[in-house]
>>> print(open('run.txt').read())   # compact mmCIF, C-alpha atoms
# COMPACT_ATOMS: atom_id res chain seq x y z
CA MET T 1 95.86 67.23 7.84
CA LYS T 2 96.86 69.74 10.47
CA LYS T 3 95.21 73.10 10.95
CA ARG T 4 95.97 75.88 13.32
CA ARG T 5 93.25 78.21 14.52
CA TRP T 6 92.61 80.25 17.62
CA PHE T 7 89.09 80.68 18.94
CA ILE T 8 87.70 82.46 21.95
CA ASN T 9 84.07 81.83 21.07
CA LEU T 10 83.13 78.20 21.62
CA LEU T 11 80.15 78.34 19.27
CA LYS T 12 82.32 79.54 16.39
CA GLU T 13 84.92 76.88 17.14
CA GLU T 14 82.27 74.16 17.10
CA LYS T 15 80.88 75.42 13.80
CA TRP T 16 84.34 75.58 12.21
CA LEU T 17 85.16 72.04 13.37
CA ASN T 18 81.91 70.64 12.02
CA ASP T 19 82.50 72.41 8.69
CA ARG T 20 85.82 70.51 8.43
CA LEU T 21 84.10 67.21 9.35
CA ALA T 22 81.47 67.86 6.67
CA GLU T 23 84.32 67.83 4.14
CA GLY T 24 84.85 64.14 4.95
CA TYR T 25 87.23 64.26 7.87
CA ALA T 26 87.31 63.04 11.44
CA CYS T 27 89.13 64.98 14.10
CA GLN T 28 91.95 62.94 15.60
CA ARG T 29 93.47 65.36 18.04
CA VAL T 30 92.84 68.76 19.55
CA GLY T 31 96.14 70.26 20.64
CA ARG T 32 96.78 72.73 23.38
CA LEU T 33 97.35 75.91 21.38
CA GLY T 34 94.74 75.78 18.65
CA GLY T 35 96.25 72.89 16.69
CA TYR T 36 93.72 70.47 15.19
CA THR T 37 94.64 67.18 13.48
CA PHE T 38 92.18 65.67 11.00
CA GLY T 39 92.19 62.39 9.10
CA PRO T 40 89.96 61.19 6.25
CA SER T 41 86.81 59.43 7.45
CA SER T 42 84.36 57.26 5.56
CA ARG T 43 81.66 57.91 8.17
CA LYS T 44 80.15 61.32 8.66
CA MET T 45 81.28 62.61 12.05
CA VAL T 46 79.92 65.30 14.35
CA ILE T 47 81.60 67.32 17.12
CA ARG T 48 79.91 68.97 20.09
CA LEU T 49 81.62 71.28 22.54
CA ASP T 50 80.50 71.24 26.14
CA TYR T 51 81.73 73.46 28.95
CA ARG T 52 81.86 72.15 32.51
CA ASN T 53 82.90 73.80 35.73
CA ARG T 54 85.41 72.11 38.00
CA MET T 55 84.14 68.79 39.29
CA SER T 56 85.37 65.96 41.51
CA ALA T 57 87.25 63.04 39.97
CA GLU T 58 84.26 60.81 40.74
CA LYS T 59 81.79 63.17 39.05
CA TYR T 60 84.03 63.57 36.01
CA GLU T 61 84.30 59.79 35.66
CA GLU T 62 80.50 59.55 35.69
CA TYR T 63 80.23 62.43 33.21
CA LYS T 64 82.64 60.75 30.78
CA LEU T 65 80.97 57.34 31.13
CA THR T 66 77.53 58.82 30.43
CA TYR T 67 78.73 60.49 27.23
CA ALA T 68 80.70 57.39 26.18
CA ASP T 69 77.57 55.24 26.59
CA PHE T 70 75.80 57.54 24.12
CA GLY T 71 78.61 56.96 21.59
CA TRP T 72 80.68 60.08 22.20
CA THR T 73 84.49 60.00 22.21
CA LEU T 74 86.35 62.61 24.26
CA LEU T 75 88.93 64.41 22.11
CA LYS T 76 90.07 66.82 24.77
CA GLY T 77 88.97 68.01 28.19
CA ASN T 78 89.73 67.83 31.88
CA ARG T 79 87.87 68.18 35.13
CA TRP T 80 89.32 71.55 36.18
CA GLY T 81 86.71 73.72 34.49
CA SER T 82 87.28 73.38 30.79
CA VAL T 83 85.83 72.90 27.35
CA GLN T 84 85.05 69.26 26.58
CA TYR T 85 85.41 68.20 22.93
CA TRP T 86 83.11 65.30 22.05
CA GLN T 87 82.97 63.50 18.70
CA LYS T 88 80.83 60.68 17.36
CA PRO T 89 79.64 59.24 14.07
CA SER T 90 76.55 61.14 12.98
CA ASP T 91 73.39 59.03 13.33
CA GLY T 92 70.58 61.53 13.79
CA ARG T 93 71.12 61.73 17.57
CA ASP T 94 73.81 64.33 17.26
CA GLU T 95 73.02 66.70 20.10
CA ILE T 96 74.30 66.63 23.67
CA PHE T 97 71.33 68.61 25.03
CA SER T 98 67.73 67.62 24.46
CA ASP T 99 65.72 70.12 26.44
CA ALA T 100 65.54 73.88 26.98
CA GLY T 101 66.51 73.67 30.65
CA SER T 102 69.85 71.99 30.01
CA LEU T 103 70.62 74.37 27.11
CA VAL T 104 69.98 77.38 29.34
CA ALA T 105 72.23 75.85 32.02
CA PHE T 106 74.94 75.30 29.36
CA TYR T 107 74.82 78.90 28.13
CA LYS T 108 74.79 80.10 31.73
CA ARG T 109 78.04 78.21 32.40
CA LEU T 110 79.48 79.81 29.25
CA THR T 111 78.46 83.36 30.18
CA GLN T 112 79.97 82.94 33.64
CA TYR T 113 83.18 81.57 32.15
CA ALA T 114 83.49 84.38 29.56
CA LEU T 115 82.69 87.11 32.05
CA SER T 116 85.09 85.87 34.72
CA THR T 117 87.91 85.46 32.16
CA ALA T 118 87.25 89.00 30.86
CA CYS T 119 87.40 90.31 34.44
CA LEU T 120 90.66 88.47 35.08
CA PHE T 121 92.26 90.12 32.03
CA PHE T 122 91.00 93.50 33.16
CA ILE T 123 92.24 93.13 36.73
CA TYR T 124 95.59 91.80 35.53
CA ALA T 125 96.06 94.70 33.12
CA TYR T 126 94.97 97.14 35.81
CA VAL T 127 97.53 95.78 38.28
CA VAL T 128 100.37 95.50 35.76
CA PHE T 129 99.86 99.02 34.43
CA LYS T 130 98.97 100.53 37.78
CA GLY T 131 95.62 101.82 36.54
CA ASN T 132 97.13 103.68 33.58
CA ILE T 133 95.61 101.37 30.99
CA ILE T 134 94.60 104.13 28.58
CA THR T 135 98.09 105.69 28.68
CA ALA T 136 99.68 102.28 28.23
CA LEU T 137 97.44 101.64 25.22
CA PHE T 138 97.83 104.90 23.35
CA ASN T 139 101.08 106.46 24.47
CA ILE T 140 103.31 104.15 22.45
CA LYS T 141 106.03 106.81 22.37
CA ALA T 142 106.45 106.38 26.13
CA SER T 143 107.51 102.79 25.55
CA TYR T 144 110.76 104.07 24.00
CA LEU T 145 113.18 104.81 26.81
CA THR T 146 116.27 105.96 24.85
CA GLU T 147 117.00 109.44 26.06
CA GLY T 148 116.57 112.15 23.45
CA LEU T 149 115.33 109.64 20.85
CA TRP T 150 112.57 111.89 19.56
CA GLN T 151 115.01 114.81 19.10
CA MET T 152 117.32 112.77 16.88
CA GLU T 153 117.21 113.16 13.10
CA GLY T 154 117.94 111.12 9.98
CA ASN T 155 120.01 107.96 10.14
CA SER T 156 120.83 108.13 13.82
CA PHE T 157 117.12 108.43 14.64
CA TRP T 158 116.17 105.41 12.53
CA ARG T 159 119.05 103.30 13.87
CA ALA T 160 118.12 104.05 17.49
CA PHE T 161 114.38 103.72 16.73
CA LEU T 162 114.65 100.34 15.02
CA PHE T 163 117.09 99.08 17.64
CA GLU T 164 114.68 99.84 20.43
CA THR T 165 111.43 98.82 18.70
CA PRO T 166 111.55 95.13 19.78
CA PHE T 167 112.06 96.22 23.39
CA ALA T 168 109.36 98.86 23.16
CA MET T 169 106.99 96.23 21.74
CA LEU T 170 107.57 94.09 24.81
CA ARG T 171 106.32 97.07 26.78
CA PHE T 172 103.23 98.10 24.83
CA LEU T 173 102.05 94.85 23.16
CA PRO T 174 100.91 93.10 26.38
CA THR T 175 98.45 95.92 27.06
CA TRP T 176 97.01 95.51 23.57
CA ILE T 177 96.79 91.74 23.99
CA PHE T 178 95.06 92.19 27.36
CA ALA T 179 92.68 94.73 25.88
CA ILE T 180 91.83 92.54 22.88
CA CYS T 181 91.32 89.45 25.07
CA PHE T 182 89.15 91.45 27.45
CA LEU T 183 86.97 92.73 24.60
CA THR T 184 86.65 89.37 22.84
CA PHE T 185 85.64 87.58 26.03
CA LEU T 186 83.17 90.35 26.72
CA TYR T 187 81.80 89.99 23.18
CA SER T 188 81.49 86.20 23.64
CA TYR T 189 79.62 86.87 26.85
CA TYR T 190 76.97 88.84 24.96
CA GLN T 191 76.71 86.18 22.26
CA TYR T 192 76.22 83.38 24.83
CA ASP T 193 73.73 85.54 26.70
CA LYS T 194 71.76 86.03 23.47
CA GLN T 195 71.62 82.25 22.97
CA LYS T 196 70.58 81.75 26.58
CA LYS T 197 67.66 84.14 26.19
CA LYS T 198 66.49 82.16 23.16
CA TYR T 199 65.68 79.20 25.40
CA ALA T 200 64.92 80.80 28.75
CA MET L 1 58.02 78.68 48.89
CA LYS L 2 57.57 76.16 46.14
CA HIS L 3 60.62 74.07 45.26
CA PRO L 4 62.59 75.59 42.32
CA LEU L 5 62.36 72.32 40.36
CA LEU L 6 58.54 72.28 40.57
CA PRO L 7 56.54 71.82 38.47
CA LEU L 8 58.81 69.12 37.09
CA SER L 9 60.15 69.51 33.57
CA GLU L 10 59.26 66.70 31.18
CA THR L 11 62.85 65.40 31.42
CA MET L 12 62.88 65.30 35.24
CA HIS L 13 59.39 63.85 35.37
CA TYR L 14 60.20 60.94 33.09
CA ILE L 15 63.53 60.24 34.84
CA LEU L 16 61.83 60.10 38.26
CA LEU L 17 59.15 57.77 36.90
CA SER L 18 61.74 55.52 35.24
CA LEU L 19 63.73 55.21 38.48
CA LYS L 20 60.98 53.31 40.27
CA GLU L 21 63.28 50.47 39.23
CA PRO L 22 67.09 50.84 39.71
CA LEU L 23 68.83 51.88 36.48
CA HIS L 24 72.17 53.28 35.30
CA GLY L 25 72.46 56.33 33.03
CA TYR L 26 72.09 54.81 29.59
CA ALA L 27 69.29 52.49 30.75
CA ILE L 28 67.42 55.55 32.06
CA MET L 29 67.50 57.01 28.54
CA GLN L 30 66.25 53.71 27.03
CA THR L 31 63.47 53.35 29.60
CA VAL L 32 62.34 56.96 29.20
CA GLU L 33 62.24 56.52 25.44
CA GLN L 34 60.11 53.41 25.87
CA ILE L 35 57.64 54.72 28.48
CA SER L 36 57.23 58.01 26.59
CA ALA L 37 56.33 56.06 23.43
CA GLY L 38 59.39 57.49 21.69
CA THR L 39 58.53 61.15 22.29
CA VAL L 40 61.36 61.90 24.78
CA SER L 41 64.91 61.15 23.62
CA LEU L 42 67.34 62.26 26.28
CA ALA L 43 70.76 63.44 25.10
CA ALA L 44 73.91 62.70 27.11
CA GLY L 45 74.44 66.18 28.58
CA THR L 46 70.80 66.63 29.51
CA LEU L 47 70.66 63.22 31.20
CA TYR L 48 73.91 63.82 33.12
CA GLY L 49 72.75 67.24 34.31
CA ALA L 50 69.29 66.01 35.32
CA VAL L 51 70.65 63.05 37.27
CA GLU L 52 73.14 65.34 39.01
CA ASN L 53 70.39 67.81 39.87
CA LEU L 54 67.98 65.15 41.11
CA SER L 55 70.65 63.55 43.33
CA LYS L 56 71.62 66.95 44.68
CA HIS L 57 68.06 67.36 45.93
CA ARG L 58 68.09 63.73 47.15
CA TRP L 59 65.11 62.78 45.02
CA ILE L 60 67.17 59.91 43.61
CA GLU L 61 70.19 58.12 45.06
CA PRO L 62 72.88 55.65 43.98
CA VAL L 63 72.01 52.10 44.94
CA PRO L 64 74.56 51.01 47.59
CA GLY L 65 76.51 47.85 46.97
CA GLU L 66 76.58 48.17 43.18
CA THR L 67 80.18 47.53 42.19
CA GLY L 68 80.15 48.24 38.43
CA ARG L 69 81.75 51.35 36.94
CA ARG L 70 78.33 52.77 36.20
CA LYS L 71 76.34 54.21 39.08
CA VAL L 72 72.87 52.67 39.44
CA TYR L 73 70.19 55.06 40.68
CA ARG L 74 66.76 54.67 42.19
CA ILE L 75 64.07 57.03 43.45
CA THR L 76 64.09 58.02 47.17
CA GLN L 77 61.18 58.51 49.59
CA GLU L 78 61.48 62.25 49.00
CA GLY L 79 61.34 61.63 45.24
CA GLN L 80 58.17 59.57 45.70
CA ARG L 81 56.66 62.43 47.68
CA ILE L 82 57.47 64.86 44.85
CA LEU L 83 55.76 62.53 42.37
CA GLU L 84 52.66 62.52 44.62
CA ILE L 85 52.62 66.35 44.58
CA GLU L 86 52.93 66.29 40.81
CA ARG L 87 50.23 63.67 40.55
CA SER L 88 47.64 65.82 42.33
CA ARG L 89 48.68 68.86 40.26
CA ILE L 90 48.20 66.94 37.01
CA GLU L 91 44.97 65.31 38.20
CA HIS L 92 43.59 68.73 38.99
CA LEU L 93 44.62 69.99 35.56
CA LEU L 94 43.00 66.94 33.96
CA SER L 95 39.76 67.56 35.83
CA LEU L 96 39.79 71.08 34.41
CA TYR L 97 40.18 69.61 30.94
CA GLU L 98 37.01 67.62 31.61
CA THR L 99 34.84 70.30 33.24
CA ARG L 100 35.89 73.25 31.11
CA ASP L 101 35.54 71.55 27.76
CA PRO L 102 33.47 74.02 25.66
CA HIS L 103 31.78 71.18 23.75
CA GLU L 104 30.19 69.86 26.92
CA LYS L 105 28.68 73.19 27.90
CA THR L 106 26.11 73.14 25.12
>>> encode(input="run.txt", output="C-alpha cells")
Amino acid sequence: MKKRRWFINLLKEEKWLNDRLAEGYACQRVGRLGGYTFGPSSRKMVIRLDYRNRMSAEKYEEYKLTYADFGWTLLKGNRWGSVQYWQKPSDGRDEIFSDAGSLVAFYKRLTQYALSTACLFFIYAYVVFKGNIITALFNIKASYLTEGLWQMEGNSFWRAFLFETPFAMLRFLPTWIFAICFLTFLYSYYQYDKQKKKYA
Amino acid sequence: MKHPLLPLSETMHYILLSLKEPLHGYAIMQTVEQISAGTVSLAAGTLYGAVENLSKHRWIEPVPGETGRRKVYRITQEGQRILEIERSRIEHLLSLYETRDPHEKT
C-alpha cells in the first residue's frame, strides 16, 4: 500500500504514521517527497520520529547503533540535520525518550529547526521579490505582462487572459508558496514550543 | 557558578554510577535498570543524549583500545569528583530528613 502525504509538523506526521500502523501495517519505506509504503504486519509496530542536528560520521554511527540495540530500525534519516524515522515492534518500551530533560532537548531542536526554516523562507522571498512581498502576494494583476490586457473585451480578452495565466502563475505562485511555508513553519514552532513548556 | 548539569538528573546520576565499570550503551541501560531495582528504564534517545552530554563534559570517556563497533565508556576522575559533590549534597539532605522529621519532635 502506497500513500502520499505532505507534513511540515513532525508530531502530526508521527501520529498519522502510527494511526496507519494501528490498522495492522508496518512501514516499509519513507520516500523523499511524502511517499510512504506500507505492508501488512502480523506484529503491532510503532514509529517514533527524532530530529537531530548535523553530526559527525562517527557520532551518527554511534547514534544508529544505540537505537538499533534497543530494537529500532531506521526507515529514513541522515547525519546532515534531519528527521530520523525509527520503527520497531511494539513491546511496551515504545518511547525514544524516557526523561523530561531529553524531551525538552528534543523539542528545543525542533523549535530551532522550524524557526530557522521559517526565516530562510522569509529571507528568500524578501530577496526574490526585492522587499515587495505584500505587492507580490496581492497584486496578481501585475503578474500579467501583456500590454493593454485589462482594456481588452470579450473573446480577445479571455483568449489573451487564459494564454498568459500559466505564465502569470509562475510569477505569483512562488510568493504564495513561500508565504504558506513561512506561516506553517512558524505555526509548527509555536506547537513545539508549547510541548517544550509542558516538560520544562 | 555551579555546573549547569548539577544537581544531577536521575538519568545522569544512574549512568555515572553504572560506569564505575566499563560498559557500552545497551549494557548501561541494563545495568541502570538493575541497580535502580527496575525504576529507571532508559530509552534509546535519552541514553544517547546523556552519554553524549557526559562525554562532552569529560565526566565519562571511551575506553581506549576497545576495537568493537560499540564504544565502551567508563567514568573519569572528574566524574568521580562530581559524584563526591553529589554524595555530600544527598547526605546533607538525608540528615535533614532525620533531624526535621515531625514525629521525632514530640
>>> atom_distance(input="run.txt", atom1="CA of Ala200 (chain T)", atom2="CA of Thr11 (chain L)")
15.8 Å
>>> interface_residues(input="run.txt", of="chain L", to="chain T", cutoff="12 Å", atoms="only C-alpha atoms", output="NGL selection string")
:L and (5 or 8-12 or 24-30 or 39-53 or 55 or 62 or 68-72)
>>> atom_distance(input="run.txt", atom1="CA of Gly81 (chain T)", atom2="CA of Met55 (chain T)")
7.3 Å
>>> atom_distance(input="run.txt", atom1="CA of Leu21 (chain T)", atom2="CA of Tyr51 (chain T)")
20.7 Å
>>> closest_residue(input="run.txt", among="T:Thr165, T:Gln112, T:Gln28, T:Ser188", to="Lys76 (chain T)", atoms="all atoms listed in the file")
T:Gln28
>>> closest_residue(input="run.txt", among="T:Asp19, T:Gly39, T:Phe182, T:Gln195", to="Ile123 (chain T)", atoms="all atoms listed in the file")
T:Phe182
>>> residues_around(input="run.txt", residues="Gly35 (chain T)", least_positions_apart="6", cutoff="9 Å", atoms="only C-alpha atoms", output="list in words")
Lys2, Lys3, Arg4, Arg5, Trp6 and Arg29 of chain T
>>> write_last_selection(input="run.txt", atoms="C-alpha atoms", output="compact mmCIF listing (two decimals), in the frame of the given file")
# COMPACT_ATOMS: atom_id res chain seq x y z
CA LYS T 2 96.86 69.74 10.47
CA LYS T 3 95.21 73.10 10.95
CA ARG T 4 95.97 75.88 13.32
CA ARG T 5 93.25 78.21 14.52
CA TRP T 6 92.61 80.25 17.62
CA ARG T 29 93.47 65.36 18.04
>>> residues_around(input="run.txt", residues="region 14-18 of chain T", least_positions_apart="5", cutoff="12 Å", atoms="all atoms listed in the file", output="PyMOL selection string")
chain T and resi 3-9+23-30+34-38+44-51+83-90+94
>>> residues_around(input="run.txt", residues="Ile75 (chain L)", least_positions_apart="4", cutoff="10 Å", atoms="only C-alpha atoms", output="list in words")
Ile15, Leu16, Leu17, Ser18, Leu19, Lys20, Glu21, Pro22, Leu23, Leu54, Ser55, Arg58, Trp59, Ile60, Glu61, Pro62, Val63, Gly79 and Gln80 of chain L
>>> residues_near_point(input="run.txt", point="(82.6, 92.0, 25.8)", cutoff="12 Å", atoms="only C-alpha atoms", output="PyMOL selection string")
chain T and resi 8-9+111+114-119+121-122+179-193
